[in-house]
Every structure is written in C-alpha cells, then in structure tokens.
Amino acid sequence: MHRVGYAISCAAVLLLTLVSAPVFAGGPFLVDSLNNSGVALRWQNDTLTWCADEGPLSSGVDNAAAIQMVTEAFNDWTTKVTITNGQNQAVVTTVAKAAQDTTCKPGDIDGSNHEPYTTGFDKPPTIIFDADGSVIEDLMGDGASDGIVGLSYPGAADSSGLIMTKGGFAAFNGKMLTNGKLGSGTTAQEYFKASIHHELGHLLNLDHSQVNYDLAKNCTLGNCANGNYIPTMYPELLDMQQATLTRDDKATISWIYPASVLKDDFCTITGEIFDKNGSPLTGVNVIASSTTSDTQAMVDARAMVSGVLYPECSGDSRYYLYGLKPGVTYKVTYEPIGSEFANASDFEPLGSNSPKGFQGGVVETPSGDTTVKCENGGDTIEMASVAIDTANYCAGKNSGTGTGSGQGTTQTGTSKSKCSLVAGGGAGAGALLELLFVCVASAVLSRSRIRTSSKIPGRK
Ligand SMILES: [Zn+2]
C-alpha cells in the first residue's frame, strides 16, 4: 500500500486505496500459475458480472448513487476505452465488459456478514459499500477505516488456470467521504471516484503502474502539477484526475482483454532484461514514451515490469509494451520500481524483492539506436537486451517457464507474489483460505506503513 494510496499486498489481495496510497506498473496482477503459459487471468467471456451491496455508501451517498458511481467507473474501464491509431481515429481497443447482476441480493454487507464475499471464492465478484468502515476494520485491524479508502482483490482462476469465474471483491469505505482525510464535499467525492477506478482496475486484474514516476513522486495528495498524467493504477492516490484513465491504463486493460484492433492498428515493443551474469532479471520497470514533445512523453507512455507474465522466479524477464502508435517515435527506458513501494505497494511479480538501487537507462535497438518507430500496425519490434549490474533475487532460484509444473496448486503462503488461486484445482478450499489469510496479514503490515505516512492529509 502506500501513502495515500492503494496497495496490492500479495497476489491474492490488493489493498488499496488508502488515503495515501497504492501500487504497480502497467501489467496484470494475476497470471496463469497453473500452466505457466505467460497469460494474464481474465474474467469469463471478458465480462465482469458484479453483485452490489444493497446498503448505502455513506450518510450522504445512498445505494443508488453509489451504484451509479461504480457503473460509471466500469464504463470508463470497458466500452469507453479508446486509443488514437495511426490514422488519428479513436478506436475502442478492449472487449472488456462489466455488468451488474441485479438479481443477486446480498443485503447490506457490513463487518458482521462480509466473510462469504471477502474470504471465499464461491460468490460472484461483489462491490461492498462499507458505510461505517466495519468491513475494513474487520479485515485490516482496528483503526484501519481511518485511512483506507478501498480494498480489493480479483477472483480465483477456474480449473483451466486462465479464467476467473467467481470470487473477488472491492470494498469502499464510506467514512472517508466525511472524515476530512480526502477533503470535504465534492472534493472528497472526486478523490473517492479516483479510488473507485483504481480498485475496479484491480478487480479487472490490473496491477499497479509506475508511468510518469518522476512526476508523481514529487506530488502529495491534492498538490500535484500535471496530475492528469498520473495513471489511475499508480500505487498512490495523488490527484482526483486519476479518475480518468491514462494511456498506460488503457493499454493495459486492452492488452488483458484485447479487441482485434489492438493488434491490427498498433505496434508492440518487446525485449528482455538480464543481470550482469546473463541471468534473467525480473522486476525491472520498462517504459516506452513518445519523443514528439515533453507533453506527449507523458501522455503517450506505457510500462511493464520485466517477467510479470509469470510467477516469480520462473526464468522469464521479458516485457511487452502494447498499443504503440505507428509513425510515432518512442524512447524506451528502464528503471527500478520505487523503493517506497516495497512491502506495501509492491509490484508483481517480486514485490519487495524487485531489484533496487541501480541507475536507469535507455534500451537501444539491435542496431544501437536510442529511439524506435514502427511503420505499420501489427508490427512487433524487438529491442536489444539489457544487462543491469544489480542484485538478482531470482539468481539460482529460477524454475524455468513451461507447462505442467503445477505451481498453481503448490504455492505456499511464503510466496507473496502471483499466488494465483486455482479454484477446483488440486489445492482445495482449505489451501485457498490459508493463502488468503496470509495475504490479508501482509496487507495489515502495509496498512501500518500507510497510516504513518506524511502524505496522509492532516497527518505528520
Ligand atoms: Zn492498488
């Protein structure tokens, strides 16, 4: 988690939006850990069919208004996602859909009855309006509702290891609309909307994004120049404009749930990151940004963490940068994940074990060029490999990618990343619950860090 932010504390539980908060970089949260196929989990039929709490969000936001806020945020993540192609046409790049199941009747979910939705995997993905903060308190500990805006995690994979059909929730803490931590009135509600977008992004299986990190790290909540360039999925809530998806957010949702136009009209840049010994180096953030202008460098940028498509230490350190516009010249750079995101707001797949403390740099083309441009939609450009002199957590641990490892059913609570949950697989319900509890424990640690952050308004 983070300062005013959100947190994905482990692969199974994302915590999120705190008052200062949360995590990752332009990639997926859960991947196929059953077959190690390098595929991000998706909701069945590319559709997240959600169930809504029947109670109010807060004293001033009734159930209907709260559902409207959630519906609008889901629209922003699905049918409204467009990226401008090489012909300067805004095209819808994702087939992701979300729809409320109005036939489900969970009643008013609170601290006394939330467990079937927050600790099990047999319910539909559920949106919880935690008007009195009691759900957050029960999950995260006493006092948690004073600083956490939302909490979420995606669903569980089915027996294929690829598709989410059940489980998952997003809980929103109505107390944060009135306790002053996010300001008051409309201001608080706008921040809250940004947090709703962030948490629903996690529910759709997006991880955090570190795009425009140099900009974001100099911001505090409500004091952020150019906050419109900070991704919705940045680990921290910094600006109410995070309720509007950036190019990176759009590229990531489109890549997990792609419309055919994503492949036909846009380009992809890929490559691999190694350490000095030639071993795959997982956990490095790689960014492509336009060189057209300083503004376009912030607007037209997307990132992915090396190796994020596989469980930790699978021997993969490849990145894919999708949704690039033909005819635009990009610079590709690499950087460590911010050290402040360790523990609480860590990024998949290594979390706090991601390589840190090295200098970033430029990724060159195989011919040594420091910029790259694709000519035609559908092109994939392979960059030169990068070797970084830094500690490699996975050195000597890499299991190798491939199929049949069955990792999805053998993960233990000590593995904090990519604990993709396989309902109906060999793990059994008991193992799933154990794993979830470990994740929640991790989230609690994250929370304490967040609550002491000076980024939380009114706190020092
Ligand atoms: Zn988050």
# chains A, B, ... in the order shown; residues from 1 in each chain; ligands from 1

call {"tool": "select_by_dssp", "arguments": {"residues": "range 183-289 of chain A", "states": "alpha helix (DSSP H)", "output": "PyMOL selection string"}}
result
chain A and resi 185-203+213-216+247-256+260-265

call {"tool": "residues_around", "arguments": {"residues": "Tyr319 in chain A", "least_positions_apart": "5", "cutoff": "10 Å", "atoms": "only C-alpha atoms", "output": "list in words"}}
result
Gly27, Ile269, Thr270, Gly271, Glu272, Ile273, Thr282, Gly283, Val284, Asn285, Val286, Ile287, Ala303, Met304, Val305, Ser306, Gly307, Val308 and Leu309 of chain A

call {"tool": "write_last_selection", "arguments": {"atoms": "C-alpha atoms", "output": "PDB file, in the first residue's frame"}}
result
ATOM      1  CA  GLY A  27       0.748  -5.159 -16.037  1.00  0.00           C
ATOM      2  CA  ILE A 269       7.854  -3.287 -28.418  1.00  0.00           C
ATOM      3  CA  THR A 270       9.396  -6.232 -26.609  1.00  0.00           C
ATOM      4  CA  GLY A 271      12.731  -7.270 -25.186  1.00  0.00           C
ATOM      5  CA  GLU A 272      14.477  -8.957 -22.276  1.00  0.00           C
ATOM      6  CA  ILE A 273      16.317  -7.756 -19.188  1.00  0.00           C
ATOM      7  CA  THR A 282      12.698  -9.984 -13.282  1.00  0.00           C
ATOM      8  CA  GLY A 283      11.098  -6.933 -11.676  1.00  0.00           C
ATOM      9  CA  VAL A 284      12.521  -4.052 -13.739  1.00  0.00           C
ATOM     10  CA  ASN A 285      10.116  -1.373 -14.958  1.00  0.00           C
ATOM     11  CA  VAL A 286      10.415  -0.719 -18.704  1.00  0.00           C
ATOM     12  CA  ILE A 287       8.709   2.297 -20.257  1.00  0.00           C
ATOM     13  CA  ALA A 303       5.158   0.422 -18.987  1.00  0.00           C
ATOM     14  CA  MET A 304       5.518  -3.185 -17.987  1.00  0.00           C
ATOM     15  CA  VAL A 305       7.640  -4.899 -15.363  1.00  0.00           C
ATOM     16  CA  SER A 306      10.020  -7.498 -16.758  1.00  0.00           C
ATOM     17  CA  GLY A 307       8.850 -11.051 -16.146  1.00  0.00           C
ATOM     18  CA  VAL A 308       5.419 -10.024 -14.873  1.00  0.00           C
ATOM     19  CA  LEU A 309       3.620 -12.572 -17.039  1.00  0.00           C
TER      20      LEU A 309
END

call {"tool": "residues_around", "arguments": {"residues": "range 377-389 of chain A", "least_positions_apart": "5", "cutoff": "7 Å", "atoms": "only C-alpha atoms", "output": "ChimeraX atom specification"}}
result
/A:263-276,326,363-366

call {"tool": "select_by_dssp", "arguments": {"residues": "range 120-216 of chain A", "states": "strand (DSSP E or B)", "output": "PyMOL selection string"}}
result
chain A and resi 126-130+148+150-153+156-157+163-166+169-173+181+183+206

call {"tool": "closest_residue", "arguments": {"among": "A:Phe347, A:Trp50, A:Tyr322, A:Phe121", "to": "ligand 1", "atoms": "only C-alpha atoms and all ligand atoms"}}
result
A:Phe347

call {"tool": "residues_around", "arguments": {"residues": "Leu238 in chain A", "least_positions_apart": "2", "cutoff": "6 Å", "atoms": "only C-alpha atoms", "output": "number ranges by chain"}}
result
A: 220-221, 236

call {"tool": "closest_residue", "arguments": {"among": "A:Asp207, A:Asp108, A:Asp122, A:Glu348", "to": "ligand 1", "atoms": "only C-alpha atoms and all ligand atoms"}}
result
A:Asp207

call {"tool": "decode", "arguments": {"residues": "range 331-359 of chain A", "atoms": "N, CA, C and O atoms", "output": "compact mmCIF listing (two decimals), in the first residue's frame"}}
result
# COMPACT_ATOMS: atom_id res chain seq x y z
N LYS A 331 10.99 6.51 -27.15
CA LYS A 331 12.22 6.16 -26.43
C LYS A 331 11.82 5.10 -25.41
O LYS A 331 10.80 5.23 -24.74
N VAL A 332 12.63 4.08 -25.30
CA VAL A 332 12.38 3.01 -24.34
C VAL A 332 13.42 3.10 -23.24
O VAL A 332 14.62 3.15 -23.51
N THR A 333 12.96 3.16 -22.00
CA THR A 333 13.87 3.28 -20.86
C THR A 333 13.54 2.22 -19.82
O THR A 333 12.46 1.63 -19.83
N TYR A 334 14.50 2.02 -18.92
CA TYR A 334 14.25 1.09 -17.80
C TYR A 334 14.62 1.78 -16.50
O TYR A 334 15.44 2.70 -16.48
N GLU A 335 14.00 1.35 -15.43
CA GLU A 335 14.22 1.97 -14.12
C GLU A 335 13.81 0.97 -13.04
O GLU A 335 13.02 0.06 -13.29
N PRO A 336 14.36 1.16 -11.84
CA PRO A 336 13.88 0.30 -10.74
C PRO A 336 12.48 0.72 -10.29
O PRO A 336 12.11 1.89 -10.45
N ILE A 337 11.75 -0.18 -9.74
CA ILE A 337 10.50 0.17 -9.08
C ILE A 337 10.85 0.98 -7.84
O ILE A 337 11.82 0.67 -7.14
N GLY A 338 10.08 2.03 -7.59
CA GLY A 338 10.40 2.93 -6.49
C GLY A 338 10.53 2.20 -5.16
O GLY A 338 9.71 1.35 -4.82
N SER A 339 11.58 2.54 -4.41
CA SER A 339 11.82 1.84 -3.15
C SER A 339 10.71 2.08 -2.14
O SER A 339 10.48 1.27 -1.25
N GLU A 340 10.00 3.19 -2.28
CA GLU A 340 8.91 3.46 -1.34
C GLU A 340 7.73 2.51 -1.54
O GLU A 340 6.84 2.44 -0.72
N PHE A 341 7.74 1.80 -2.65
CA PHE A 341 6.64 0.87 -2.89
C PHE A 341 6.92 -0.52 -2.33
O PHE A 341 6.12 -1.42 -2.45
N ALA A 342 8.06 -0.71 -1.76
CA ALA A 342 8.38 -2.01 -1.20
C ALA A 342 7.39 -2.35 -0.09
O ALA A 342 6.81 -1.46 0.53
N ASN A 343 7.24 -3.60 0.13
CA ASN A 343 6.36 -4.11 1.18
C ASN A 343 4.90 -3.81 0.89
O ASN A 343 4.14 -4.67 0.50
N ALA A 344 4.55 -2.57 1.05
CA ALA A 344 3.14 -2.26 0.96
C ALA A 344 2.61 -2.20 -0.44
O ALA A 344 1.61 -2.82 -0.76
N SER A 345 3.22 -1.41 -1.23
CA SER A 345 2.65 -1.18 -2.55
C SER A 345 3.48 -1.84 -3.63
O SER A 345 3.63 -1.31 -4.71
N ASP A 346 4.04 -2.95 -3.32
CA ASP A 346 4.94 -3.59 -4.26
C ASP A 346 4.25 -4.00 -5.56
O ASP A 346 3.05 -4.11 -5.63
N PHE A 347 5.09 -4.20 -6.53
CA PHE A 347 4.61 -4.61 -7.85
C PHE A 347 4.86 -6.10 -8.05
O PHE A 347 5.82 -6.66 -7.55
N GLU A 348 4.00 -6.71 -8.82
CA GLU A 348 4.24 -8.08 -9.25
C GLU A 348 5.44 -8.10 -10.20
O GLU A 348 5.71 -7.09 -10.85
N PRO A 349 6.14 -9.22 -10.34
CA PRO A 349 5.89 -10.46 -9.61
C PRO A 349 6.77 -10.63 -8.37
O PRO A 349 6.57 -11.58 -7.64
N LEU A 350 7.69 -9.71 -8.10
CA LEU A 350 8.63 -9.93 -7.00
C LEU A 350 8.35 -9.08 -5.77
O LEU A 350 8.95 -9.29 -4.73
N GLY A 351 7.48 -8.09 -5.89
CA GLY A 351 7.21 -7.25 -4.75
C GLY A 351 8.46 -6.60 -4.21
O GLY A 351 9.26 -6.04 -4.96
N SER A 352 8.66 -6.68 -2.91
CA SER A 352 9.79 -6.00 -2.28
C SER A 352 11.13 -6.63 -2.66
O SER A 352 12.18 -6.08 -2.35
N ASN A 353 11.09 -7.77 -3.34
CA ASN A 353 12.34 -8.38 -3.81
C ASN A 353 12.73 -7.91 -5.22
O ASN A 353 13.70 -8.40 -5.79
N SER A 354 11.97 -6.96 -5.75
CA SER A 354 12.33 -6.41 -7.05
C SER A 354 13.71 -5.75 -6.95
O SER A 354 14.05 -5.18 -5.90
N PRO A 355 14.51 -5.83 -8.00
CA PRO A 355 15.85 -5.20 -7.94
C PRO A 355 15.74 -3.70 -7.73
O PRO A 355 14.93 -3.04 -8.35
N LYS A 356 16.54 -3.20 -6.83
CA LYS A 356 16.50 -1.77 -6.49
C LYS A 356 17.92 -1.22 -6.53
O LYS A 356 18.91 -1.95 -6.53
N GLY A 357 18.01 0.08 -6.52
CA GLY A 357 19.29 0.73 -6.32
C GLY A 357 20.19 0.82 -7.53
O GLY A 357 21.36 1.19 -7.41
N PHE A 358 19.68 0.52 -8.70
CA PHE A 358 20.52 0.67 -9.89
C PHE A 358 20.06 1.91 -10.68
O PHE A 358 18.94 2.39 -10.50
N GLN A 359 20.96 2.41 -11.51
CA GLN A 359 20.62 3.55 -12.35
C GLN A 359 19.81 3.08 -13.56
O GLN A 359 20.13 2.07 -14.17
